[in-house]
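Coordinates from my_file10.cif are shown below (mmCIF, C-alpha atoms).
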data_entry
#
loop_
_atom_site.label_atom_id
_atom_site.label_comp_id
_atom_site.auth_asym_id
_atom_site.auth_seq_id
_atom_site.Cartn_x
_atom_site.Cartn_y
_atom_site.Cartn_z
CA MET A 1158 -6.32 -42.29 44.85
CA THR A 1159 -2.86 -41.27 43.71
CA PRO A 1160 -2.41 -39.16 40.54
CA ARG A 1161 -1.17 -42.30 38.80
CA ASP A 1162 -4.34 -44.16 39.75
CA LEU A 1163 -6.45 -41.23 38.51
CA MET A 1164 -4.59 -41.21 35.19
CA GLY A 1165 -5.11 -44.95 34.78
CA ALA A 1166 -8.82 -44.64 35.56
CA ALA A 1167 -9.14 -41.77 33.05
CA LEU A 1168 -7.41 -43.77 30.30
CA ARG A 1169 -9.68 -46.78 30.97
CA GLY A 1170 -12.69 -44.48 30.78
CA LEU A 1171 -11.59 -43.06 27.43
CA SER A 1172 -10.79 -46.46 25.97
CA ALA A 1173 -14.23 -47.77 26.93
CA ASN A 1174 -15.70 -45.94 23.91
CA LYS A 1175 -12.95 -45.56 21.35
CA LEU A 1176 -15.09 -44.16 18.52
CA ARG A 1177 -16.52 -41.39 20.68
CA SER A 1178 -13.07 -40.46 21.97
CA LEU A 1179 -11.69 -40.50 18.42
CA LEU A 1180 -14.37 -38.09 17.17
CA THR A 1181 -13.70 -35.75 20.07
CA VAL A 1182 -9.96 -35.83 19.38
CA LEU A 1183 -10.67 -35.11 15.71
CA GLY A 1184 -12.74 -32.03 16.55
CA VAL A 1185 -10.00 -30.57 18.77
CA SER A 1186 -7.23 -31.44 16.29
CA ILE A 1187 -9.02 -29.55 13.50
CA GLY A 1188 -9.15 -26.45 15.68
CA VAL A 1189 -5.50 -26.65 16.74
CA GLY A 1190 -4.31 -27.42 13.22
CA ALA A 1191 -6.35 -24.54 11.79
CA VAL A 1192 -4.81 -22.07 14.24
CA ILE A 1193 -1.23 -23.11 13.43
CA VAL A 1194 -1.76 -23.30 9.66
CA LEU A 1195 -3.60 -19.98 9.32
CA VAL A 1196 -1.07 -18.16 11.50
CA ALA A 1197 1.69 -19.65 9.32
CA VAL A 1198 -0.11 -18.51 6.15
CA GLY A 1199 -0.59 -15.00 7.53
CA ASN A 1200 3.03 -14.83 8.63
CA GLY A 1201 4.24 -16.15 5.28
CA SER A 1202 2.14 -13.65 3.38
CA GLY A 1203 3.51 -10.80 5.48
CA ARG A 1204 7.09 -12.00 5.05
CA ALA A 1205 6.64 -12.22 1.27
CA VAL A 1206 5.32 -8.65 1.01
CA GLN A 1207 8.07 -7.42 3.33
CA ALA A 1208 10.77 -9.12 1.26
CA ARG A 1209 9.44 -7.60 -1.95
CA LEU A 1210 9.32 -4.11 -0.45
CA GLU A 1211 12.79 -4.48 1.06
CA ALA A 1212 14.07 -5.62 -2.34
CA MET A 1213 12.99 -2.23 -3.70
CA GLY A 1214 15.08 -0.53 -1.03
CA THR A 1215 14.11 0.86 2.36
CA ASN A 1216 15.88 4.18 1.74
CA LEU A 1217 13.94 5.11 -1.41
CA LEU A 1218 11.81 8.20 -1.98
CA THR A 1219 9.55 8.63 -4.99
CA VAL A 1220 8.61 12.20 -5.85
CA SER A 1221 5.59 12.94 -8.02
CA THR A 1222 3.25 15.89 -8.44
CA THR A 1223 -0.38 16.07 -7.42
CA GLY A 1224 -1.10 18.41 -10.32
CA GLY A 1225 -1.43 21.53 -8.20
CA GLY A 1226 -1.54 22.54 -4.56
CA GLY A 1227 -4.47 23.36 -2.40
CA GLY A 1228 -5.27 25.69 0.46
CA PHE A 1229 -4.73 29.02 -1.31
CA ALA A 1230 -5.25 32.23 0.54
CA ARG A 1231 -8.56 33.93 -0.28
CA GLY A 1232 -8.39 35.93 -3.49
CA GLN A 1233 -5.15 34.28 -4.58
CA ALA A 1234 -5.10 32.95 -8.13
CA GLY A 1235 -4.40 29.27 -8.55
CA PRO A 1236 -1.11 28.20 -10.09
CA SER A 1237 -0.86 26.58 -13.47
CA ALA A 1238 -0.07 22.89 -13.68
CA GLN A 1239 3.12 23.85 -15.50
CA GLN A 1240 4.42 25.71 -12.46
CA TYR A 1241 4.58 22.55 -10.39
CA SER A 1242 5.71 20.12 -13.10
CA LEU A 1243 8.82 18.12 -12.30
CA THR A 1244 11.76 18.81 -14.59
CA LEU A 1245 15.26 17.56 -15.30
CA ALA A 1246 16.52 20.72 -13.59
CA ASP A 1247 14.70 19.62 -10.41
CA ALA A 1248 16.44 16.24 -10.58
CA ALA A 1249 19.80 17.96 -11.06
CA ALA A 1250 19.17 20.20 -8.05
CA LEU A 1251 18.23 17.24 -5.85
CA ALA A 1252 21.48 15.50 -6.87
CA ASP A 1253 23.53 18.50 -5.67
CA ASP A 1254 25.32 17.53 -2.44
CA ARG A 1255 25.28 21.12 -1.22
CA LEU A 1256 21.51 21.47 -1.57
CA ALA A 1257 20.54 17.96 -0.41
CA PRO A 1258 23.45 16.42 1.54
CA ASP A 1259 21.43 13.39 2.69
CA VAL A 1260 20.57 12.34 -0.87
CA SER A 1261 22.94 9.84 -2.47
CA ALA A 1262 21.36 9.24 -5.89
CA VAL A 1263 18.67 10.79 -8.07
CA ALA A 1264 17.03 9.42 -11.21
CA PRO A 1265 14.45 11.32 -13.28
CA VAL A 1266 11.71 9.08 -14.68
CA MET A 1267 9.41 9.37 -17.67
CA THR A 1268 7.08 6.55 -18.67
CA SER A 1269 5.43 5.55 -21.90
CA SER A 1270 4.15 2.40 -23.56
CA GLY A 1271 4.54 0.83 -26.96
CA THR A 1272 4.64 -2.31 -29.03
CA ALA A 1273 8.02 -4.02 -29.26
CA THR A 1274 8.69 -6.11 -32.37
CA SER A 1275 11.39 -8.68 -33.08
CA GLY A 1276 11.00 -10.24 -36.52
CA ASP A 1277 7.46 -11.58 -36.70
CA THR A 1278 7.00 -11.49 -32.93
CA SER A 1279 5.42 -8.49 -31.23
CA TYR A 1280 4.75 -7.74 -27.59
CA THR A 1281 3.01 -4.77 -25.99
CA VAL A 1282 5.23 -3.24 -23.31
CA ASN A 1283 2.87 -1.50 -20.93
CA GLN A 1284 5.63 0.41 -19.19
CA VAL A 1285 8.61 1.84 -21.02
CA ILE A 1286 10.74 3.72 -18.49
CA GLY A 1287 13.02 6.54 -19.58
CA THR A 1288 15.63 7.29 -16.93
CA THR A 1289 19.35 7.50 -16.13
CA PRO A 1290 21.82 4.79 -15.00
CA GLU A 1291 21.27 5.74 -11.34
CA TYR A 1292 17.74 4.29 -11.53
CA MET A 1293 18.92 0.66 -11.55
CA PRO A 1294 20.92 0.62 -8.28
CA ALA A 1295 18.53 3.04 -6.56
CA THR A 1296 15.50 0.81 -7.18
CA ASN A 1297 17.44 -2.45 -6.83
CA THR A 1298 16.87 -3.34 -10.50
CA PRO A 1299 20.06 -5.15 -11.52
CA VAL A 1300 20.93 -6.23 -15.04
CA GLU A 1301 21.21 -10.02 -15.12
CA ILE A 1302 22.36 -10.55 -18.72
CA GLY A 1303 24.46 -8.03 -20.63
CA GLN A 1304 25.06 -4.59 -19.14
CA SER A 1305 23.29 -1.37 -18.32
CA PHE A 1306 23.49 1.80 -20.42
CA THR A 1307 25.78 4.62 -19.35
CA GLN A 1308 25.51 8.34 -18.75
CA GLN A 1309 27.21 8.84 -22.11
CA ASP A 1310 24.33 6.90 -23.72
CA VAL A 1311 21.95 9.35 -22.05
CA ASP A 1312 23.95 12.39 -23.13
CA THR A 1313 24.06 11.21 -26.75
CA SER A 1314 20.51 9.80 -26.86
CA GLN A 1315 21.65 6.32 -27.83
CA ARG A 1316 18.87 3.96 -28.91
CA VAL A 1317 19.66 1.16 -26.47
CA ILE A 1318 17.17 -0.72 -24.33
CA LEU A 1319 17.04 -2.98 -21.27
CA LEU A 1320 14.28 -5.59 -21.30
CA GLY A 1321 12.48 -7.15 -18.36
CA GLN A 1322 12.42 -10.94 -18.12
CA THR A 1323 8.85 -11.25 -19.39
CA ALA A 1324 9.41 -8.89 -22.33
CA ALA A 1325 12.66 -10.66 -23.29
CA THR A 1326 11.00 -14.09 -23.08
CA GLU A 1327 8.03 -13.00 -25.18
CA LEU A 1328 10.24 -11.51 -27.89
CA PHE A 1329 13.12 -14.02 -27.96
CA THR A 1330 11.91 -17.11 -26.02
CA ARG A 1331 15.36 -17.39 -24.44
CA PRO A 1332 16.36 -14.11 -22.72
CA ALA A 1333 20.06 -14.97 -23.04
CA THR A 1334 19.83 -14.57 -26.82
CA ALA A 1335 18.32 -11.07 -26.61
CA VAL A 1336 21.52 -9.12 -25.93
CA GLY A 1337 22.84 -7.47 -29.06
CA GLN A 1338 19.64 -8.01 -31.03
CA THR A 1339 17.76 -5.13 -32.64
CA ILE A 1340 14.06 -4.64 -31.91
CA LYS A 1341 11.56 -2.00 -32.89
CA LEU A 1342 9.77 -0.02 -30.22
CA GLY A 1343 7.02 1.62 -32.15
CA ALA A 1344 8.75 2.62 -35.37
CA VAL A 1345 12.20 3.16 -33.82
CA ASP A 1346 15.03 0.63 -33.79
CA PHE A 1347 16.65 -0.16 -30.43
CA VAL A 1348 19.60 -2.41 -29.64
CA VAL A 1349 19.07 -4.67 -26.61
CA ARG A 1350 21.91 -3.80 -24.21
CA GLY A 1351 20.82 -6.11 -21.38
CA VAL A 1352 18.08 -8.14 -19.69
CA LEU A 1353 16.95 -7.20 -16.19
CA ALA A 1354 16.90 -9.64 -13.29
CA SER A 1355 13.51 -11.13 -12.45
CA LYS A 1356 11.42 -9.36 -9.83
CA ASP A 1357 8.57 -10.63 -7.70
CA SER A 1358 5.22 -8.98 -8.22
CA THR A 1359 4.06 -6.53 -5.54
CA GLY A 1360 0.63 -5.96 -7.03
CA PHE A 1361 -1.52 -6.78 -10.04
CA SER A 1362 1.00 -5.71 -12.71
CA ASP A 1363 3.99 -7.75 -13.83
CA PRO A 1364 7.20 -5.87 -12.94
CA ASN A 1365 9.08 -7.96 -15.49
CA ALA A 1366 6.90 -6.81 -18.39
CA THR A 1367 8.85 -3.59 -18.72
CA ALA A 1368 11.65 -1.93 -20.67
CA ILE A 1369 14.14 0.78 -19.67
CA VAL A 1370 15.78 3.24 -22.08
CA PRO A 1371 17.84 6.44 -21.68
CA ILE A 1372 15.48 9.27 -20.78
CA SER A 1373 16.83 11.48 -23.56
CA THR A 1374 16.04 8.77 -26.10
CA LEU A 1375 12.53 8.28 -24.78
CA ARG A 1376 11.82 12.00 -24.95
CA ALA A 1377 13.14 12.22 -28.50
CA THR A 1378 11.37 9.16 -29.88
CA GLN A 1379 8.38 8.24 -27.72
CA ALA A 1380 7.14 10.54 -24.96
CA GLY A 1381 8.04 14.03 -26.10
CA TYR A 1382 9.62 16.78 -24.03
CA GLY A 1383 6.92 17.19 -21.40
CA PRO A 1384 7.35 17.07 -17.63
CA LEU A 1385 8.73 14.11 -15.71
CA ASN A 1386 6.35 11.54 -14.29
CA GLN A 1387 8.44 11.20 -11.13
CA ILE A 1388 11.88 11.53 -9.62
CA VAL A 1389 13.40 8.60 -7.75
CA VAL A 1390 15.56 9.69 -4.82
CA GLN A 1391 17.80 7.42 -2.78
CA ALA A 1392 18.71 8.54 0.72
CA ALA A 1393 22.32 8.16 1.82
CA ASP A 1394 21.27 5.73 4.55
CA LYS A 1395 18.05 4.12 5.77
CA ASP A 1396 18.37 6.12 9.02
CA ARG A 1397 18.49 9.38 7.05
CA VAL A 1398 15.38 8.85 4.94
CA ASP A 1399 13.25 11.32 6.92
CA THR A 1400 15.96 13.95 6.75
CA ALA A 1401 16.35 13.41 3.01
CA GLN A 1402 12.59 13.68 2.57
CA ALA A 1403 12.56 17.01 4.40
CA GLU A 1404 15.40 18.31 2.20
CA VAL A 1405 13.58 17.23 -0.97
CA THR A 1406 10.35 18.89 0.18
CA GLN A 1407 12.06 22.18 1.06
CA LEU A 1408 14.15 22.28 -2.10
CA LEU A 1409 11.21 21.63 -4.43
CA ALA A 1410 9.05 24.15 -2.56
CA ALA A 1411 11.77 26.78 -2.96
CA ARG A 1412 12.41 25.99 -6.65
CA HIS A 1413 8.71 26.12 -7.56
CA GLN A 1414 7.90 29.02 -5.23
CA VAL A 1415 5.19 27.18 -3.31
CA PRO A 1416 3.50 29.59 -0.87
CA THR A 1417 3.88 28.66 2.79
CA ASP A 1418 0.09 28.72 3.30
CA GLN A 1419 -0.47 26.22 0.50
CA THR A 1420 -0.59 22.45 0.65
CA SER A 1421 2.46 20.97 -1.03
CA PRO A 1422 1.76 20.06 -4.67
CA PHE A 1423 4.37 17.29 -4.46
CA ARG A 1424 3.69 13.78 -3.24
CA ILE A 1425 6.71 12.06 -1.69
CA THR A 1426 6.36 8.33 -1.10
CA ASN A 1427 8.64 6.98 1.61
CA SER A 1428 9.44 3.28 1.12
CA ALA A 1429 10.27 2.87 4.82
CA GLN A 1430 6.79 4.09 5.75
CA ILE A 1431 5.23 1.73 3.21
CA LEU A 1432 7.22 -1.14 4.71
CA GLN A 1433 6.07 -0.28 8.23
CA THR A 1434 2.47 -0.02 7.07
CA SER A 1435 2.71 -3.39 5.34
CA GLN A 1436 4.15 -4.97 8.51
CA ASP A 1437 1.31 -3.54 10.61
CA THR A 1438 -1.23 -4.75 8.06
CA ALA A 1439 0.32 -8.22 7.98
CA ALA A 1440 0.23 -8.42 11.79
CA THR A 1441 -3.44 -7.43 11.82
CA PHE A 1442 -4.18 -9.94 9.05
CA THR A 1443 -2.41 -12.73 10.95
CA ALA A 1444 -4.27 -11.88 14.16
CA LEU A 1445 -7.56 -11.95 12.26
CA LEU A 1446 -6.78 -15.37 10.80
CA ALA A 1447 -5.80 -16.68 14.24
CA THR A 1448 -9.05 -15.36 15.71
CA VAL A 1449 -11.10 -17.05 13.00
CA ALA A 1450 -9.22 -20.31 13.55
CA ALA A 1451 -9.70 -20.04 17.32
CA ILE A 1452 -13.44 -20.25 16.77
CA SER A 1453 -12.95 -23.84 15.60
CA LEU A 1454 -11.17 -24.54 18.91
CA VAL A 1455 -14.23 -23.28 20.78
CA VAL A 1456 -16.39 -25.55 18.63
CA GLY A 1457 -14.10 -28.43 19.54
CA GLY A 1458 -14.45 -27.48 23.20
CA ILE A 1459 -18.24 -27.62 22.94
CA GLY A 1460 -17.78 -31.11 21.49
CA VAL A 1461 -15.72 -32.06 24.56
CA THR A 1462 -18.55 -30.83 26.81
CA ASN A 1463 -21.16 -32.82 24.94
CA ILE A 1464 -19.12 -36.02 24.95
CA MET A 1465 -18.26 -35.73 28.62
CA LEU A 1466 -21.92 -35.07 29.54
CA VAL A 1467 -22.90 -38.23 27.67
CA THR A 1468 -20.08 -40.10 29.44
CA VAL A 1469 -21.25 -38.92 32.86
CA THR A 1470 -24.82 -39.99 32.08
CA GLU A 1471 -23.72 -43.44 30.94
CA ARG A 1472 -21.48 -43.95 33.98
CA THR A 1473 -23.87 -42.64 36.61
CA ARG A 1474 -24.26 -46.05 38.30
CA GLU A 1475 -20.48 -46.51 38.30
CA ILE A 1476 -20.09 -43.12 40.00
CA GLY A 1477 -22.73 -44.09 42.57
CA ILE A 1478 -20.97 -47.37 43.37
CA ARG A 1479 -17.61 -45.66 43.73
CA LYS A 1480 -19.07 -43.01 46.02
CA ALA A 1481 -20.85 -45.66 48.08
CA LEU A 1482 -17.47 -47.39 48.50
CA GLY A 1483 -15.92 -44.17 49.80
CA ALA A 1484 -14.62 -42.33 46.74
CA ARG A 1485 -14.24 -38.63 47.52
CA ARG A 1486 -15.77 -35.81 45.49
CA ARG A 1487 -12.34 -34.53 44.44
CA THR A 1488 -11.39 -38.00 43.17
CA ILE A 1489 -14.42 -38.15 40.84
CA LEU A 1490 -13.87 -34.52 39.82
CA GLY A 1491 -10.19 -35.13 39.08
CA GLN A 1492 -10.83 -38.24 37.00
CA PHE A 1493 -13.32 -36.56 34.68
CA LEU A 1494 -11.20 -33.41 34.39
CA ILE A 1495 -8.22 -35.55 33.42
CA GLU A 1496 -10.32 -37.37 30.81
CA ALA A 1497 -11.45 -34.09 29.25
CA THR A 1498 -7.93 -32.65 29.32
CA LEU A 1499 -6.43 -35.80 27.81
CA LEU A 1500 -8.93 -35.68 24.96
CA SER A 1501 -7.95 -32.08 24.24
CA LEU A 1502 -4.20 -32.66 24.54
CA ILE A 1503 -4.27 -35.72 22.28
CA GLY A 1504 -6.35 -33.75 19.79
CA GLY A 1505 -3.87 -30.87 20.08
CA ALA A 1506 -0.90 -33.15 19.41
CA VAL A 1507 -2.61 -34.63 16.34
CA GLY A 1508 -3.47 -31.12 15.13
CA VAL A 1509 0.16 -30.00 15.52
CA ALA A 1510 1.42 -33.02 13.57
CA VAL A 1511 -1.03 -32.39 10.73
CA ALA A 1512 -0.19 -28.66 10.68
CA LEU A 1513 3.54 -29.41 10.46
CA ILE A 1514 2.87 -31.48 7.35
CA ILE A 1515 0.50 -28.98 5.72
CA THR A 1516 2.82 -26.01 6.22
CA ARG A 1517 5.49 -27.72 4.11
CA PHE A 1518 3.42 -26.95 1.01
CA GLN A 1519 2.34 -23.71 -0.64
CA LEU A 1520 -1.20 -22.65 0.20
CA ALA A 1521 -3.05 -20.29 -2.16
CA GLY A 1522 0.29 -19.25 -3.66
CA VAL A 1523 1.74 -18.40 -0.23
CA GLU A 1524 4.71 -20.16 1.35
CA PRO A 1525 3.62 -20.65 5.00
CA VAL A 1526 6.16 -19.62 7.63
CA LEU A 1527 5.68 -21.60 10.83
CA VAL A 1528 5.55 -19.56 14.04
CA PRO A 1529 6.97 -21.75 16.87
CA SER A 1530 5.08 -19.83 19.53
CA SER A 1531 1.79 -20.66 17.80
CA ILE A 1532 2.42 -24.39 18.45
CA GLY A 1533 2.88 -23.88 22.19
CA LEU A 1534 -0.02 -21.45 22.30
CA ALA A 1535 -2.34 -23.84 20.42
CA LEU A 1536 -1.41 -26.74 22.72
CA GLY A 1537 -1.87 -24.56 25.79
CA VAL A 1538 -5.24 -23.35 24.57
CA SER A 1539 -6.33 -26.92 23.77
CA ALA A 1540 -5.47 -27.97 27.35
CA ALA A 1541 -7.34 -24.95 28.70
CA VAL A 1542 -10.29 -25.83 26.48
CA GLY A 1543 -10.33 -29.34 27.97
CA LEU A 1544 -10.22 -28.00 31.51
CA PHE A 1545 -12.83 -25.32 30.90
CA PHE A 1546 -15.33 -27.27 28.86
CA GLY A 1547 -14.76 -30.44 30.87
CA SER A 1548 -15.32 -28.74 34.22
CA MET A 1549 -19.12 -28.68 34.00
CA PRO A 1550 -19.51 -32.42 33.29
CA ALA A 1551 -16.85 -33.16 35.94
CA HIS A 1552 -18.64 -31.08 38.58
CA ARG A 1553 -21.89 -32.73 37.62
CA ALA A 1554 -20.36 -36.16 38.10
CA ALA A 1555 -18.72 -35.20 41.39
CA GLY A 1556 -21.95 -33.70 42.70
CA LEU A 1557 -24.09 -36.80 42.22
CA ARG A 1558 -25.56 -38.26 45.41
CA PRO A 1559 -24.72 -41.96 45.80
CA ILE A 1560 -28.35 -42.98 46.36
CA ASP A 1561 -29.54 -41.11 43.26
CA ALA A 1562 -26.70 -42.48 41.16
CA LEU A 1563 -27.42 -46.07 42.22
CA ARG A 1564 -31.10 -45.69 41.31
CA HIS A 1565 -30.23 -44.45 37.82
CA GLU A 1566 -31.27 -46.77 35.00
#

The structure given in the file should be rewritten as structure tokens.
Amino acid sequence: MTPRDLMGAALRGLSANKLRSLLTVLGVSIGVGAVIVLVAVGNGSGRAVQARLEAMGTNLLTVSTTGGGGGFARGQAGPSAQQYSLTLADAAALADDRLAPDVSAVAPVMTSSGTATSGDTSYTVNQVIGTTPEYMPATNTPVEIGQSFTQQDVDTSQRVILLGQTAATELFTRPATAVGQTIKLGAVDFVVRGVLASKDSTGFSDPNATAIVPISTLRATQAGYGPLNQIVVQAADKDRVDTAQAEVTQLLAARHQVPTDQTSPFRITNSAQILQTSQDTAATFTALLATVAAISLVVGGIGVTNIMLVTVTERTREIGIRKALGARRRTILGQFLIEATLLSLIGGAVGVAVALIITRFQLAGVEPVLVPSSIGLALGVSAAVGLFFGSMPAHRAAGLRPIDALRHE
């Protein structure tokens, strides 16, 4: 028989029991669709996290203190927490081009919290950030409405404030009306200078439920004159982040006289490293989802085996007649392999079509990002599933002896 004749015989065999073929196609399509959709969800989730981290800047370093170093030499007295506290003088030193040439911007940061009040409306701001104007461009926190405060505002401890979108909405309903209004933060009056652009959440806290004020004002009215919580450092270029980190580490160690045999008391968070870690995690997560979805393809393959075994049993007399008339073993084998492969390919095509529709919608708050290679891979795997799981029934059919097949009831 020619390949065309084999294909025609396979199609007639599948159409002989439409309901059974339909159920088999459904099982394979679920597996293929699940692979494509879950890979798209994993890819979309990874892209979303990556975009949020990149929005914060890939050349950003955040310096904080661990509260004291470790690894002291025997008999050496431990340092006081005050010795390793971050100060405004540290921030000024890091901003010196001669001491840290690969650093482009530095912003000291102090944080507090308080209740903001506008008329009869109050809102608890969980994070009030005291800093300098360099903080906004360094952390990619632009002012959307109004304007930022200036270095002169910092120098003169002006009581001006920038509100996040959530804080502005809670206090004024319409953020556009907030600029120029006076609010109380605790018992102190502040004039709203601007409203920050909205940011996507990177964790459990709302980054828009915040407020930013000059650091000198925060120290004078809210947080006191203690140490800094952190120092935000922006490297001159994303390719010079590691060099800038080394300069920051050496400069702080020298300023605070950290012994060489002691673990550094300063924690420096590199945004580029966080981004790389998140990409690796997202890739692992996507691979895990694809593996879980592939299990449904195996289940669909087992369904193909069962259906084809039933088909061979039902058509045993037909096989015996064809063999008695001279049909070769390879002809019978080819026909049943084509039937199994067709079932899988049709199921794969249906699964791809359904997946293309599903991935147009958000799933569990994630915007799926379709991976074109996953479509080809899923179709290829579905064809392989048909060949693999259909081979046993096909070999069984091809191996039947004509006399035995003709005697079958």

Evaluate the PyMOL selection byres ((chain A and resi 1443) around 8) and report residues as a VMD selection string: chain A and resid 1195 to 1196 1198 to 1200 1439 to 1442 1444 to 1447

Test item: residues at most 7 Å from range 1367-1372 of chain A, only C-alpha atoms, excluding those fewer than 4 positions along its chain, as number ranges by chain: A: 1267, 1282-1289, 1310-1311, 1314, 1317-1321, 1324, 1376

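The residue that comes closest to Val1538 in chain A, out of A:Ser1186, A:Ser1421, A:Thr1406, A:Ser1355 and on the basis of all atoms listed in the file, is A:Ser1186.
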
Selected residue of minimal separation from Val1345 in chain A among A:Ala1377, A:Val1389, A:Leu1536, A:Leu1245, counting only C-alpha atoms: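 For Val1345 in chain A, the nearest of the given residues is A:Ala1377.
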
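Interatomic distance, CA of Leu1183 in chain A against CA of Gly1504 in chain A: 6.1 Å.
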
Among listed residues A:Leu1342, A:Met1293, A:Leu1513, A:Ala1392, nearest Ser1270 in chain A (using only C-alpha atoms):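 Among the listed residues, the smallest separation from Ser1270 in chain A belongs to A:Leu1342.
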
Spatial sel., origin (21.2, 12.3, -11.1), limit 8 Å, all atoms listed in the file, listed as a list in words: Ala1248, Ala1249, Leu1251, Ala1252, Ala1262, Val1263, Ala1264, Pro1265, Thr1289 and Glu1291 of chain A

Two-atom distance - CA of Glu1327 in chain A, CA of Asn1386 in chain A (Å):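 According to the coordinates, CA of Glu1327 in chain A and CA of Asn1386 in chain A are separated by 26.9 Å.
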
Which centre and which edge lengths, in Å to one decimal, describe the axis-aligned box that holds all listed atoms of range 1513-1523 of chain A after 8 Å is added on each side, as lines of an AutoDock Vina configuration file?
center_x = 1.2
center_y = -24.9
center_z = 3.4
size_x = 24.5
size_y = 29.1
size_z = 30.1

Residue nearest Thr1313 in chain A - candidates A:Gln1391, A:Asn1216, A:Ser1373, A:Asn1365, atoms counted: all atoms listed in the file: A:Ser1373

Answer key for the PyMOL selection byres ((chain A and resi 1306) around 7), residues as a list in words: Pro1290, Gln1304, Ser1305, Thr1307, Asp1310 and Arg1350 of chain A

Using C-alpha atoms, can you export the residues from the last selection as a short mmCIF file (atom, residue, chain, number, x, y, z; two decimals), in the coordinates of the input?
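Output contents, as saved in again-v4.cif:
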data_model
loop_
_atom_site.label_atom_id
_atom_site.label_comp_id
_atom_site.auth_asym_id
_atom_site.auth_seq_id
_atom_site.Cartn_x
_atom_site.Cartn_y
_atom_site.Cartn_z
CA PRO A 1290 21.82 4.79 -15.00
CA GLN A 1304 25.06 -4.59 -19.14
CA SER A 1305 23.29 -1.37 -18.32
CA THR A 1307 25.78 4.62 -19.35
CA ASP A 1310 24.33 6.90 -23.72
CA ARG A 1350 21.91 -3.80 -24.21
#

Apply the PyMOL selection byres ((chain A and resi 1273) around 7) to the structure shown and report the selected residues as a tab-separated table (two decimals) with C-alpha atoms, in the frame of the given file.
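Ended up saving to expr14.tsv:
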chain	number	residue	atom	x	y	z
A	1271	GLY	CA	4.54	0.83	-26.96
A	1272	THR	CA	4.64	-2.31	-29.03
A	1274	THR	CA	8.69	-6.11	-32.37
A	1275	SER	CA	11.39	-8.68	-33.08
A	1279	SER	CA	5.42	-8.49	-31.23
A	1280	TYR	CA	4.75	-7.74	-27.59
A	1281	THR	CA	3.01	-4.77	-25.99
A	1282	VAL	CA	5.23	-3.24	-23.31
A	1340	ILE	CA	14.06	-4.64	-31.91
A	1341	LYS	CA	11.56	-2.00	-32.89
A	1342	LEU	CA	9.77	-0.02	-30.22
A	1343	GLY	CA	7.02	1.62	-32.15

Residue nearest Ser1261 in chain A - candidates A:Leu1499, A:Ala1197, A:Leu1218, A:Ala1535, atoms counted: all atoms listed in the file: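 Using all atoms listed in the file, Ser1261 in chain A sits closest to A:Leu1218.
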
One-decimal distance in Å that lies between CA of Ala1257 in chain A and CA of Ala1401 in chain A: 7.1 Å
